[in-house]
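Here's model.txt, which has compact mmCIF, C-alpha atoms:
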# COMPACT_ATOMS: atom_id res chain seq x y z
CA MET A 1 0.00 0.00 0.00
CA THR A 2 1.28 3.45 -0.83
CA ILE A 3 0.74 6.59 1.21
CA ARG A 4 0.59 9.86 -0.65
CA MET A 5 3.01 12.43 0.70
CA PRO A 6 3.33 16.01 -0.48
CA PHE A 7 6.97 16.02 -1.54
CA GLN A 8 9.33 13.46 -2.98
CA LEU A 9 12.18 12.23 -0.78
CA LYS A 10 15.69 13.00 -2.05
CA SER A 11 19.15 12.48 -0.65
CA GLY A 12 22.52 14.19 -0.31
CA TRP A 13 23.14 17.69 -1.63
CA GLN A 14 19.85 17.62 -3.62
CA ARG A 15 18.05 17.88 -0.28
CA SER A 16 20.42 20.04 1.76
CA ALA A 17 21.36 22.73 -0.77
CA PRO A 18 17.81 24.02 -1.52
CA LEU A 19 16.89 23.68 2.16
CA VAL A 20 19.85 25.73 3.39
CA ALA A 21 19.33 28.31 0.65
CA LEU A 22 15.61 28.72 1.40
CA ALA A 23 16.22 28.90 5.16
CA PHE A 24 18.84 31.60 4.58
CA LEU A 25 16.46 33.54 2.31
CA LEU A 26 13.66 33.43 4.89
CA CYS A 27 15.92 34.57 7.73
CA LEU A 28 17.29 37.39 5.56
CA GLY A 29 13.73 38.28 4.58
CA PHE A 30 12.58 38.65 8.18
CA ALA A 31 15.65 40.79 8.89
CA THR A 32 15.41 43.11 5.87
CA GLY A 33 12.06 42.55 4.13
CA GLY A 34 9.47 43.68 6.67
CA SER A 35 8.82 46.98 4.89
CA SER A 36 7.12 47.73 1.57
CA TRP A 37 8.90 51.06 1.08
CA PRO A 38 11.23 50.82 -1.97
CA SER A 39 13.65 53.24 -0.33
CA GLU A 40 14.65 50.71 2.35
CA ALA A 41 18.33 49.82 1.88
CA GLY A 42 17.85 46.22 2.99
CA LEU A 43 15.57 45.45 0.05
CA GLY A 44 18.50 45.65 -2.36
CA LEU A 45 20.40 43.03 -0.37
CA LEU A 46 17.35 40.76 -0.13
CA ARG A 47 16.46 41.00 -3.82
CA GLY A 48 20.06 40.50 -4.88
CA ALA A 49 20.32 37.37 -2.75
CA ALA A 50 16.98 36.13 -4.10
CA LEU A 51 18.11 36.56 -7.70
CA VAL A 52 21.38 34.72 -7.05
CA LEU A 53 19.65 31.85 -5.25
CA ALA A 54 16.94 31.62 -7.91
CA GLY A 55 19.59 31.55 -10.64
CA LEU A 56 21.51 28.77 -8.91
CA GLY A 57 18.32 26.82 -8.28
CA LEU A 58 17.21 27.12 -11.89
CA LEU A 59 20.37 25.38 -13.11
CA ALA A 60 18.87 21.97 -12.40
CA PRO A 61 15.29 22.17 -11.11
CA GLY A 62 14.27 18.91 -12.75
CA ARG A 63 11.42 18.36 -15.15
CA ARG A 64 9.21 16.78 -12.50
CA THR A 65 9.66 19.75 -10.17
CA VAL A 66 8.37 22.10 -12.85
CA ALA A 67 5.60 19.78 -14.06
CA ASP A 68 4.11 19.09 -10.63
CA PHE A 69 3.68 22.81 -9.91
CA LEU A 70 3.19 24.01 -13.48
CA PRO A 71 0.14 26.22 -12.73
CA LEU A 72 2.14 28.17 -10.13
CA TRP A 73 5.04 28.59 -12.55
CA LEU A 74 2.66 29.80 -15.26
CA LEU A 75 0.95 32.29 -12.94
CA LEU A 76 4.24 33.78 -11.74
CA GLY A 77 5.62 33.78 -15.29
CA ALA A 78 2.54 35.61 -16.58
CA THR A 79 2.93 38.19 -13.80
CA ILE A 80 6.58 38.78 -14.74
CA LEU A 81 5.72 39.06 -18.45
CA LEU A 82 2.88 41.52 -17.76
CA THR A 83 5.21 43.70 -15.67
CA LEU A 84 7.83 43.61 -18.43
CA ALA A 85 5.14 44.61 -20.93
CA HIS A 86 4.39 47.69 -18.84
CA LEU A 87 8.08 48.67 -19.14
CA THR A 88 8.38 48.09 -22.89
CA PRO A 89 8.92 51.40 -24.76
CA LEU A 90 6.05 52.31 -27.10
CA PRO A 91 6.03 54.76 -30.00
CA PHE A 92 4.44 58.13 -29.27
CA ALA A 93 1.51 57.36 -31.56
CA SER A 94 0.73 54.26 -29.49
CA TRP A 95 1.18 55.37 -25.87
CA SER A 96 -0.33 58.83 -26.36
CA HIS A 97 -3.62 57.19 -27.34
CA LEU A 98 -3.70 54.92 -24.30
CA PRO A 99 -6.53 55.74 -21.85
CA GLY A 100 -5.51 58.37 -19.27
CA ARG A 101 -2.28 59.39 -21.01
CA ASP A 102 -3.67 62.64 -22.40
CA ILE A 103 -2.48 64.63 -19.39
CA VAL A 104 1.09 63.40 -19.89
CA ALA A 105 0.99 64.20 -23.60
CA ALA A 106 -0.36 67.69 -22.82
CA ALA A 107 2.38 68.27 -20.25
CA ASP A 108 5.03 67.20 -22.77
CA ALA A 109 3.59 69.60 -25.33
CA ILE A 110 3.61 72.52 -22.87
CA ALA A 111 7.19 71.73 -21.86
CA GLY A 112 8.24 71.58 -25.51
CA ILE A 113 9.43 67.99 -25.21
CA GLY A 114 7.56 66.86 -28.30
CA PRO A 115 6.82 63.27 -29.34
CA VAL A 116 8.88 60.84 -27.27
CA THR A 117 8.92 57.10 -26.72
CA ARG A 118 7.43 56.06 -23.39
CA PRO A 119 6.39 52.77 -21.75
CA LEU A 120 2.81 51.98 -20.79
CA SER A 121 3.46 52.68 -17.10
CA LEU A 122 2.92 56.22 -15.84
CA SER A 123 5.78 55.60 -13.39
CA PRO A 124 8.42 53.33 -14.98
CA ASP A 125 10.68 53.51 -11.91
CA ALA A 126 7.89 52.19 -9.68
CA THR A 127 7.09 49.45 -12.21
CA LEU A 128 10.76 48.44 -12.33
CA ASP A 129 10.73 48.24 -8.53
CA ALA A 130 7.64 46.01 -8.74
CA LEU A 131 9.46 43.77 -11.23
CA MET A 132 12.43 43.44 -8.90
CA SER A 133 10.12 42.59 -6.00
CA LEU A 134 9.10 39.42 -7.87
CA SER A 135 12.61 38.06 -7.30
CA VAL A 136 11.62 36.92 -3.80
CA PRO A 137 8.60 34.73 -4.75
CA LEU A 138 10.58 33.46 -7.74
CA ALA A 139 13.41 32.30 -5.49
CA VAL A 140 10.97 30.68 -3.05
CA LEU A 141 9.21 28.84 -5.88
CA VAL A 142 12.50 27.64 -7.36
CA LEU A 143 13.91 26.42 -4.04
CA ALA A 144 10.81 25.15 -2.21
CA THR A 145 9.59 22.98 -5.09
CA GLN A 146 12.92 21.09 -4.90
CA LEU A 147 12.54 20.20 -1.21
CA ASP A 148 11.43 16.80 -0.01
CA ARG A 149 8.81 16.14 2.65
CA LYS A 150 11.30 16.38 5.51
CA GLY A 151 12.75 19.62 4.18
CA HIS A 152 9.34 21.27 4.15
CA GLY A 153 8.87 20.17 7.76
CA TYR A 154 12.05 22.02 8.71
CA ILE A 155 10.93 25.12 6.80
CA LEU A 156 7.53 25.07 8.48
CA ARG A 157 9.17 25.00 11.91
CA LEU A 158 11.55 27.78 10.93
CA VAL A 159 8.65 29.99 9.81
CA LEU A 160 6.91 29.41 13.15
CA ILE A 161 10.08 30.36 15.06
CA LEU A 162 10.60 33.52 13.01
CA LEU A 163 6.98 34.60 13.50
CA CYS A 164 7.24 34.06 17.25
CA LEU A 165 10.48 36.06 17.22
CA SER A 166 8.60 38.94 15.59
CA ALA A 167 5.92 38.65 18.30
CA ALA A 168 8.60 38.76 21.00
CA CYS A 169 10.02 41.92 19.41
CA SER A 170 6.57 43.51 19.70
CA LEU A 171 6.57 42.84 23.43
CA LEU A 172 10.04 44.32 23.85
CA GLN A 173 9.02 47.37 21.82
CA ALA A 174 5.94 47.79 24.02
CA ALA A 175 8.26 47.71 27.04
CA GLY A 176 10.15 50.69 25.62
CA ILE A 177 13.13 48.87 24.13
CA PRO A 178 13.97 50.43 20.72
CA LEU A 179 14.19 47.36 18.49
CA HIS A 180 12.63 48.80 15.34
CA LEU A 181 14.39 47.74 12.15
CA TYR A 182 12.96 50.66 10.14
CA ASP A 183 12.98 54.40 10.64
CA GLU A 184 9.30 54.78 9.77
CA ALA A 185 7.75 51.93 11.73
CA ASP A 186 4.44 51.68 13.55
CA ARG A 187 4.35 51.14 17.27
CA ASN A 188 4.81 47.50 18.38
CA ALA A 189 5.16 46.27 14.79
CA GLY A 190 7.81 43.65 15.61
CA LEU A 191 10.08 42.82 12.67
CA PHE A 192 7.71 44.71 10.34
CA ALA A 193 7.28 48.39 9.61
CA ASN A 194 3.47 48.22 9.47
CA ARG A 195 1.29 47.06 12.36
CA ASN A 196 -1.24 45.47 10.01
CA HIS A 197 1.43 43.40 8.31
CA GLN A 198 2.65 42.26 11.72
CA GLY A 199 -0.90 41.35 12.77
CA VAL A 200 -1.63 39.37 9.60
CA ALA A 201 1.72 37.56 9.81
CA LEU A 202 1.03 36.55 13.41
CA ALA A 203 -2.43 35.27 12.41
CA LEU A 204 -0.60 32.64 10.33
CA VAL A 205 0.85 31.16 13.54
CA PHE A 206 -2.43 29.41 14.37
CA PRO A 207 -2.83 27.21 11.27
CA ILE A 208 0.92 26.50 11.32
CA ALA A 209 0.79 25.40 14.97
CA ALA A 210 -2.35 23.36 14.28
CA THR A 211 -0.56 21.62 11.39
CA LEU A 212 2.42 20.70 13.54
CA TYR A 213 0.30 19.65 16.56
CA PRO A 214 -0.91 16.25 15.27
CA VAL A 215 2.48 15.55 13.64
CA GLY A 216 4.02 15.56 17.11
CA ALA A 217 2.94 11.93 17.58
CA ARG A 218 6.01 10.75 15.66
CA PHE A 219 8.27 12.11 18.43
CA GLY A 220 7.14 9.48 20.94
CA PRO A 221 7.78 10.53 24.59
CA LYS A 222 8.56 14.08 23.44
CA ILE A 223 5.06 14.56 22.03
CA TRP A 224 3.62 16.44 25.00
CA GLY A 225 6.64 18.71 25.26
CA LEU A 226 6.33 19.64 21.59
CA ARG A 227 2.60 20.18 21.84
CA LEU A 228 3.04 22.30 24.95
CA ILE A 229 5.42 24.54 23.01
CA LEU A 230 2.93 24.86 20.14
CA VAL A 231 0.06 25.68 22.50
CA ALA A 232 2.24 28.22 24.30
CA ALA A 233 3.17 29.84 20.99
CA ALA A 234 -0.49 30.19 20.00
CA LEU A 235 -1.49 31.52 23.44
CA PHE A 236 1.39 33.99 23.31
CA VAL A 237 0.62 35.40 19.87
CA LEU A 238 -3.03 36.47 20.20
CA PRO A 239 -2.46 39.02 23.01
CA VAL A 240 0.50 40.36 21.03
CA ILE A 241 -1.82 40.98 18.07
CA VAL A 242 -4.03 43.00 20.43
CA LEU A 243 -0.92 44.90 21.46
CA THR A 244 -0.12 45.86 17.87
CA GLY A 245 -3.54 47.46 17.45
CA SER A 246 -4.15 45.79 14.09
CA ARG A 247 -7.90 45.37 13.60
CA SER A 248 -7.55 43.23 10.49
CA GLY A 249 -4.90 41.09 12.19
CA PHE A 250 -7.14 40.62 15.24
CA ALA A 251 -10.15 39.59 13.13
CA LEU A 252 -8.14 37.22 10.94
CA ALA A 253 -6.42 35.72 13.98
CA PHE A 254 -9.73 34.72 15.55
CA LEU A 255 -10.93 33.36 12.22
CA ALA A 256 -7.72 31.33 11.91
CA LEU A 257 -8.15 30.03 15.47
CA LEU A 258 -11.67 28.86 14.78
CA VAL A 259 -10.93 27.04 11.51
CA SER A 260 -7.59 25.50 12.57
CA PRO A 261 -9.13 22.35 14.14
CA VAL A 262 -9.90 21.03 10.63
CA LEU A 263 -6.16 20.42 10.34
CA PHE A 264 -6.40 17.79 13.10
CA ASP A 265 -8.56 15.52 10.95
CA ASP A 266 -6.15 13.55 8.77
CA ASN A 267 -8.92 11.45 7.15
CA SER A 268 -7.37 8.32 8.65
CA GLY A 269 -10.51 7.08 10.38
CA ASN A 270 -9.15 7.75 13.88
CA GLY A 271 -12.12 9.85 14.95
CA LEU A 272 -11.45 9.69 18.71
CA ARG A 273 -7.95 11.10 18.34
CA GLY A 274 -9.25 13.88 16.09
CA ARG A 275 -11.96 14.81 18.62
CA GLN A 276 -9.44 14.91 21.47
CA LEU A 277 -7.18 17.20 19.49
CA ARG A 278 -10.06 19.50 18.54
CA LEU A 279 -11.32 19.72 22.13
CA THR A 280 -7.84 20.61 23.34
CA TRP A 281 -7.52 23.27 20.66
CA LEU A 282 -10.96 24.76 21.35
CA ALA A 283 -10.10 24.98 25.05
CA MET A 284 -6.97 26.84 24.06
CA VAL A 285 -9.06 29.18 21.89
CA ALA A 286 -11.29 29.96 24.87
CA VAL A 287 -8.28 30.73 27.07
CA ALA A 288 -6.69 32.88 24.38
CA GLY A 289 -9.96 34.74 23.88
CA LEU A 290 -10.30 35.46 27.59
CA VAL A 291 -6.71 36.68 27.80
CA ALA A 292 -7.05 38.90 24.73
CA GLY A 293 -10.45 40.21 25.82
CA GLY A 294 -9.24 41.01 29.31
CA MET A 295 -6.18 42.71 27.90
CA ALA A 296 -8.26 44.86 25.55
CA HIS A 297 -10.69 45.76 28.36
CA THR A 298 -8.16 46.72 31.00
CA SER A 299 -5.53 48.36 28.82
CA ARG A 300 -5.70 52.10 28.23
CA ASP A 301 -2.97 52.41 25.63
CA ALA A 302 -3.40 53.50 22.03
CA ALA A 303 -3.27 49.94 20.68
CA SER A 304 -6.42 48.77 22.46
CA ALA A 305 -8.18 52.06 21.81
CA ARG A 306 -7.47 51.68 18.10
CA LEU A 307 -9.19 48.30 18.01
CA ALA A 308 -12.43 50.03 18.99
CA LEU A 309 -12.23 52.62 16.22
CA VAL A 310 -14.15 51.90 13.04
CA GLY A 311 -15.68 55.11 11.75
CA ASP A 312 -12.45 57.14 11.72
CA ASP A 313 -10.86 55.13 8.92
CA LEU A 314 -10.14 56.86 5.59
CA ARG A 315 -10.15 53.59 3.66
CA TRP A 316 -13.74 53.78 2.44
CA PRO A 317 -13.49 57.27 0.88
CA LEU A 318 -10.14 56.25 -0.60
CA TRP A 319 -11.69 53.16 -2.18
CA GLU A 320 -14.57 55.23 -3.55
CA SER A 321 -12.22 57.75 -5.15
CA VAL A 322 -10.04 55.02 -6.69
CA ALA A 323 -13.01 53.00 -7.97
CA ALA A 324 -14.41 56.14 -9.59
CA VAL A 325 -11.34 56.59 -11.82
CA VAL A 326 -10.61 52.93 -12.60
CA PRO A 327 -12.69 53.02 -15.83
CA ARG A 328 -10.59 55.94 -17.07
CA TYR A 329 -7.51 53.69 -17.39
CA LEU A 330 -9.09 50.50 -18.68
CA PRO A 331 -8.22 48.16 -20.23
CA TRP A 332 -4.48 48.46 -19.45
CA GLY A 333 -4.30 50.32 -16.14
CA THR A 334 -1.83 52.97 -15.00
CA GLY A 335 1.15 50.63 -14.80
CA ILE A 336 2.03 47.97 -12.25
CA GLY A 337 3.36 49.55 -9.06
CA SER A 338 2.48 53.08 -10.14
CA PHE A 339 -0.37 53.77 -7.69
CA ARG A 340 1.29 56.50 -5.64
CA GLU A 341 2.29 58.62 -8.64
CA SER A 342 -0.88 57.95 -10.63
CA TYR A 343 -3.26 58.66 -7.75
CA GLN A 344 -1.71 62.10 -7.28
CA ILE A 345 -3.28 62.97 -10.67
CA ASP A 346 -6.71 61.65 -9.69
CA GLU A 347 -6.83 62.41 -5.96
CA PRO A 348 -9.91 64.54 -5.18
CA ASP A 349 -9.51 67.73 -3.14
CA ALA A 350 -11.47 66.20 -0.26
CA MET A 351 -8.82 63.49 0.12
CA LEU A 352 -5.82 65.83 0.25
CA ARG A 353 -3.87 65.60 3.50
CA PRO A 354 -0.25 66.03 4.68
CA THR A 355 0.64 62.36 4.03
CA LEU A 356 0.75 60.56 0.68
CA SER A 357 -1.55 57.69 -0.28
CA ASN A 358 1.13 55.19 -1.21
CA HIS A 359 -1.40 52.39 -1.78
CA ALA A 360 -5.15 51.95 -2.15
CA HIS A 361 -5.30 49.83 1.07
CA ASN A 362 -7.20 47.31 -1.05
CA ASP A 363 -4.83 45.31 -3.22
CA TRP A 364 -7.65 43.80 -5.27
CA LEU A 365 -8.85 47.28 -6.23
CA GLU A 366 -5.29 48.51 -6.77
CA LEU A 367 -4.60 45.52 -9.02
CA VAL A 368 -7.36 46.61 -11.41
CA TYR A 369 -6.34 50.28 -11.16
CA THR A 370 -2.68 49.66 -12.02
CA ALA A 371 -2.74 46.43 -14.07
CA GLY A 372 -6.13 46.79 -15.75
CA ILE A 373 -8.08 43.87 -17.15
CA PRO A 374 -4.96 41.64 -17.63
CA GLY A 375 -4.14 42.07 -13.93
CA ALA A 376 -7.73 41.29 -12.97
CA LEU A 377 -7.57 38.11 -15.07
CA LEU A 378 -4.39 37.05 -13.26
CA GLY A 379 -6.14 37.64 -9.94
CA ILE A 380 -9.11 35.56 -11.06
CA ALA A 381 -6.75 32.80 -12.23
CA GLY A 382 -5.13 32.78 -8.79
CA LEU A 383 -8.52 32.48 -7.10
CA CYS A 384 -9.45 29.60 -9.41
CA LEU A 385 -6.26 27.74 -8.47
CA LEU A 386 -7.08 28.33 -4.80
CA LEU A 387 -10.58 26.90 -5.26
CA ILE A 388 -9.20 23.85 -7.07
CA ALA A 389 -6.66 23.28 -4.29
CA ALA A 390 -9.34 23.69 -1.60
CA ARG A 391 -11.67 21.27 -3.38
CA THR A 392 -9.06 18.54 -3.66
CA ALA A 393 -7.23 19.05 -0.35
CA ARG A 394 -9.67 17.05 1.77
CA ARG A 395 -9.33 13.93 -0.41
CA TRP A 396 -5.84 13.13 0.83
CA ARG A 397 -4.57 11.66 4.08
CA GLY A 398 -1.84 12.37 6.58
CA GLU A 399 0.70 15.08 5.90
CA THR A 400 -0.39 15.65 2.32
CA ARG A 401 -3.81 16.63 3.62
CA ARG A 402 -2.45 18.89 6.36
CA TYR A 403 0.05 20.64 4.10
CA ALA A 404 -2.62 21.26 1.47
CA ILE A 405 -5.18 22.60 3.95
CA LEU A 406 -2.51 24.72 5.63
CA GLY A 407 -1.55 26.24 2.29
CA VAL A 408 -5.17 26.98 1.43
CA ALA A 409 -5.71 28.56 4.87
CA MET A 410 -2.62 30.76 4.63
CA VAL A 411 -3.41 31.93 1.08
CA THR A 412 -7.00 32.66 2.13
CA ILE A 413 -5.86 34.71 5.14
CA LEU A 414 -3.48 36.78 3.02
CA ALA A 415 -6.12 37.21 0.28
CA MET A 416 -8.65 38.43 2.85
CA ALA A 417 -6.08 40.77 4.39
CA SER A 418 -5.53 42.24 0.92
CA ILE A 419 -9.12 43.52 0.94
CA THR A 420 -8.26 46.20 3.50
CA ASP A 421 -4.49 46.45 3.16
CA TYR A 422 -1.47 45.57 1.01
CA PRO A 423 0.35 42.70 2.82
CA LEU A 424 1.80 41.16 -0.35
CA ARG A 425 3.77 44.34 -1.04
CA THR A 426 5.98 43.26 1.88
CA PRO A 427 8.73 40.79 0.85
CA VAL A 428 8.37 38.62 3.96
CA LEU A 429 4.67 38.04 3.40
CA THR A 430 5.26 37.56 -0.33
CA ALA A 431 7.70 34.76 0.52
CA LEU A 432 5.20 33.16 2.93
CA PHE A 433 2.48 33.50 0.28
CA ALA A 434 4.66 31.65 -2.24
CA LEU A 435 5.34 28.89 0.30
CA ALA A 436 1.63 28.63 1.09
CA ALA A 437 0.77 28.37 -2.60
CA ILE A 438 3.21 25.47 -2.96
CA TRP A 439 1.74 23.70 0.08
CA ALA A 440 -1.81 24.31 -1.17
CA TRP A 441 -0.93 22.77 -4.55
CA SER A 442 0.96 19.84 -2.99
CA GLY A 443 -2.29 17.87 -2.87
CA GLU A 444 -2.63 18.20 -6.63
CA GLY A 445 1.04 17.40 -7.21
CA SER A 446 0.96 14.36 -4.92
CA ALA A 447 -1.57 12.72 -7.21
CA ARG A 448 1.25 12.03 -9.63
CA PRO A 449 2.76 8.53 -9.28
CA GLY A 450 6.28 9.97 -9.10
CA LEU A 451 5.51 11.66 -5.78
CA ARG A 452 4.34 8.63 -3.85
CA ASP A 453 6.37 7.24 -0.96
CA ALA A 454 6.15 3.62 0.02
Before anything else, please render the file you have as structure tokens.
Amino acid sequence: MTIRMPFQLKSGWQRSAPLVALAFLLCLGFATGGSSWPSEAGLGLLRGAALVLAGLGLLAPGRRTVADFLPLWLLLGATILLTLAHLTPLPFASWSHLPGRDIVAAADAIAGIGPVTRPLSLSPDATLDALMSLSVPLAVLVLATQLDRKGHGYILRLVLILLCLSAACSLLQAAGIPLHLYDEADRNAGLFANRNHQGVALALVFPIAATLYPVGARFGPKIWGLRLILVAAALFVLPVIVLTGSRSGFALAFLALLVSPVLFDDNSGNGLRGRQLRLTWLAMVAVAGLVAGGMAHTSRDAASARLALVGDDLRWPLWESVAAVVPRYLPWGTGIGSFRESYQIDEPDAMLRPTLSNHAHNDWLELVYTAGIPGALLGIAGLCLLLIAARTARRWRGETRRYAILGVAMVTILAMASITDYPLRTPVLTALFALAAIWAWSGEGSARPGLRDA
């Protein structure tokens, strides 16, 4: 009898080299890639390392590695090609007739510049930065698809450790210790510059811990020690999310807590064990809820006060103003990554304020605004792949099932967070998104005979 496992077992340097490279990239990402601002010096180091590692990994990825995750390769490849298309120089007669380019052509005429060749993007520098940002998910896809089952287990544990480290940094920052990695960082944002990105990242701890919790049985006498650590990590993270003041992170964390017990059911027929695990987890949810609720009730700091604020948010008028001008730039959009510069043209007087709107705080809306109909089609294609992965995930057993459901849960959390924010503009979360997509698709890939373990 064969048991389907999510990743093929390898040996020697084929296993260790991609594992070490991916672990290094993730650690470097948490140290330098917690900000979405292109001016951060650490991004150059991270992207350069990602390009080098991706190049080395592409030397011999193996036909099976590409074939098993072909939809993910095609989606990322289409994204890269679309971004390159937005940077391709166009003759004046072509780009001047693109929707929304009349103001640029008029400005050129007033300045006496005359007919010039320009790319589709209204801000080529920002589009080039967006292209370079794709180096991180590319490197993760190249390296992670070459790992075996055991290697992905190590990576999953490393991600949990790094997320808990970011939570610990939030606590130290709240205690007054200046541990911020970025000059312009929100209060108690941990290893991130934005409190919402920190909150969403910490929400991923719950499905990760739930995935590792049943796996602990293989450690024999150490099982309860491992599970105690996982429970402690989950109990520790929820109050920290309250401390950050991230409303979206808090909501997604509770959602993740409530749906995580499905990861305990491995479809093996051992119903009693699954019920025991779920009861333990639900008890932990109750304790975490009481701790977080008590913390929010008794605390008087700005973080807890911010969780109670709903009507003061500028997101809704921002979304309305962006949605109103989206048709002006269809079908091609303003240019990938060009939101900040493009929105300065369209920003209504009522929205003017001392700070810039660097993003739409709704990545789905910004995708259509900057990438037009082709970008919307890529987004729809990604959602279709997610639905396919979710539909097939529950058919498998054991680790294949848990990895697939974990990946679907993580992608869903990040997709939901993108409704009110821009988490995937941050390299760390982009890397975790790429990992989650691979895990979500592992159920599909494991259906291939070449990925079965005896």
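The neighbours of range 82-89 of chain A here are the residues that come within 6 Å of it, using only C-alpha atoms and leaving out any residue fewer than 3 positions away in the same chain; they are Thr79, Arg118, Pro119, Leu120, Ser121 and Gly335 of chain A.
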Write a file of the selected residues as a CSV table (one decimal), keeping the file's coordinate frame, keeping C-alpha atoms.
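As a result, out.csv now contains:
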chain,number,residue,atom,x,y,z
A,79,THR,CA,2.9,38.2,-13.8
A,118,ARG,CA,7.4,56.1,-23.4
A,119,PRO,CA,6.4,52.8,-21.8
A,120,LEU,CA,2.8,52.0,-20.8
A,121,SER,CA,3.5,52.7,-17.1
A,335,GLY,CA,1.2,50.6,-14.8
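Here CA of Gly100 in chain A and CA of Ile373 in chain A stand 14.9 Å from one another.
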query = Using only C-alpha atoms, which residues sit within 9 Å of range 131-142 of chain A once same-chain residues fewer than 6 positions away are excluded, as an MDAnalysis selection string?
reply = chainID A and resid 18 22 25:26 29 43 46:55 57:58 61 65:66 72:73 76 79:80 83:84 336:337 425:428 430:435 438
task = Mind checking which residues fall within 8 Å of Leu230 in chain A, counting all atoms listed in the file, ignoring those fewer than 4 positions away in the same chain, and posting them as a ChimeraX atom specification?
result = /A:209,212-213,226,234
task = Quote the spacing between CA of Pro327 in chain A and CA of Gly375 in chain A in Å to one decimal place.
result = 14.0 Å
ask   = Which residues, written as a PyMOL selection string, have at least one atom at most 12 Å from range 359-363 of chain A, with only C-alpha atoms counted and residues fewer than 2 positions away on the same chain left out?
value = chain A and resi 36-37+196-197+248+313-323+326+336-344+347+355-357+365-371+375-376+379+414-425
task = Just give me the gap between CA of Gly249 in chain A and CA of Gln198 in chain A in Å, one decimal is fine.
result =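 Distance reported for this atom pair: 7.7 Å.
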Restrict the calculation to only C-alpha atoms, then for each residue of range 20-134 of chain A with any atom at most 12 Å from an atom of range 164-171 of chain A give the closest atom pair and their distance in Å to one decimal, rows by chain and rising residue number, as JSON lines.
{"residue": "A:Cys27", "atom": "CA", "partner": "A:Leu165", "partner_atom": "CA", "distance": 11.0}
{"residue": "A:Phe30", "atom": "CA", "partner": "A:Ser166", "partner_atom": "CA", "distance": 8.4}
{"residue": "A:Ala31", "atom": "CA", "partner": "A:Ser166", "partner_atom": "CA", "distance": 9.9}
{"residue": "A:Gly34", "atom": "CA", "partner": "A:Ser166", "partner_atom": "CA", "distance": 10.1}
Written selection (C-alpha atoms) as a short mmCIF file (atom, residue, chain, number, x, y, z; two decimals), in the coordinates of the input:
data_model
loop_
_atom_site.label_atom_id
_atom_site.label_comp_id
_atom_site.auth_asym_id
_atom_site.auth_seq_id
_atom_site.Cartn_x
_atom_site.Cartn_y
_atom_site.Cartn_z
CA CYS A 27 15.92 34.57 7.73
CA PHE A 30 12.58 38.65 8.18
CA ALA A 31 15.65 40.79 8.89
CA GLY A 34 9.47 43.68 6.67
#
request  = Could you give me, as a PyMOL selection string, the residues within 10 Å of Leu386 in chain A, counting all atoms listed in the file and dropping anything in the same chain fewer than 3 positions from it?
outcome  = chain A and resi 380-383+389-391+407-409+411-412+437+440-441
Interface rows for range 156-229 of chain A against range 254-264 of chain A: nearest pair, Å to one decimal, 7 Å, only C-alpha atoms, as a tab-separated table:
residue	atom	partner	partner_atom	distance
A:Ala203	CA	A:Ala256	CA	6.6
A:Phe206	CA	A:Leu257	CA	5.9
A:Pro207	CA	A:Ser260	CA	5.2
A:Ala210	CA	A:Ser260	CA	5.9
A:Thr211	CA	A:Leu263	CA	5.8
A:Pro214	CA	A:Phe264	CA	6.1
Keeping only C-alpha atoms, write the selected residues as a PDB file, in the coordinates of the input.
ATOM      1  CA  ALA A 203      -2.430  35.270  12.410  1.00  0.00           C
ATOM      2  CA  PHE A 206      -2.430  29.410  14.370  1.00  0.00           C
ATOM      3  CA  PRO A 207      -2.830  27.210  11.270  1.00  0.00           C
ATOM      4  CA  ALA A 210      -2.350  23.360  14.280  1.00  0.00           C
ATOM      5  CA  THR A 211      -0.560  21.620  11.390  1.00  0.00           C
ATOM      6  CA  PRO A 214      -0.910  16.250  15.270  1.00  0.00           C
TER       7      PRO A 214
END
key: Point (13.8, 30.2, 9.2), cut-off 7 Å, counting all atoms listed in the file, residues as an MDAnalysis selection string   = chainID A and resid 23:24 26:27 155 158:159 161:162
task = Go through A:Ala21, A:Ala126, A:Leu406, A:Leu181 one by one, measure the shortest atom-to-atom distance of each to Leu156 in chain A using all atoms listed in the file, and give the residue with the smallest value.
result =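 Smallest distance to Leu156 in chain A is found for A:Leu406.
Proximity to Asp186 in chain A was assessed for A:Leu172, A:Ser35, A:Leu74, A:Ala106 counting all atoms listed in the file; the smallest distance is recorded for A:Ser35.
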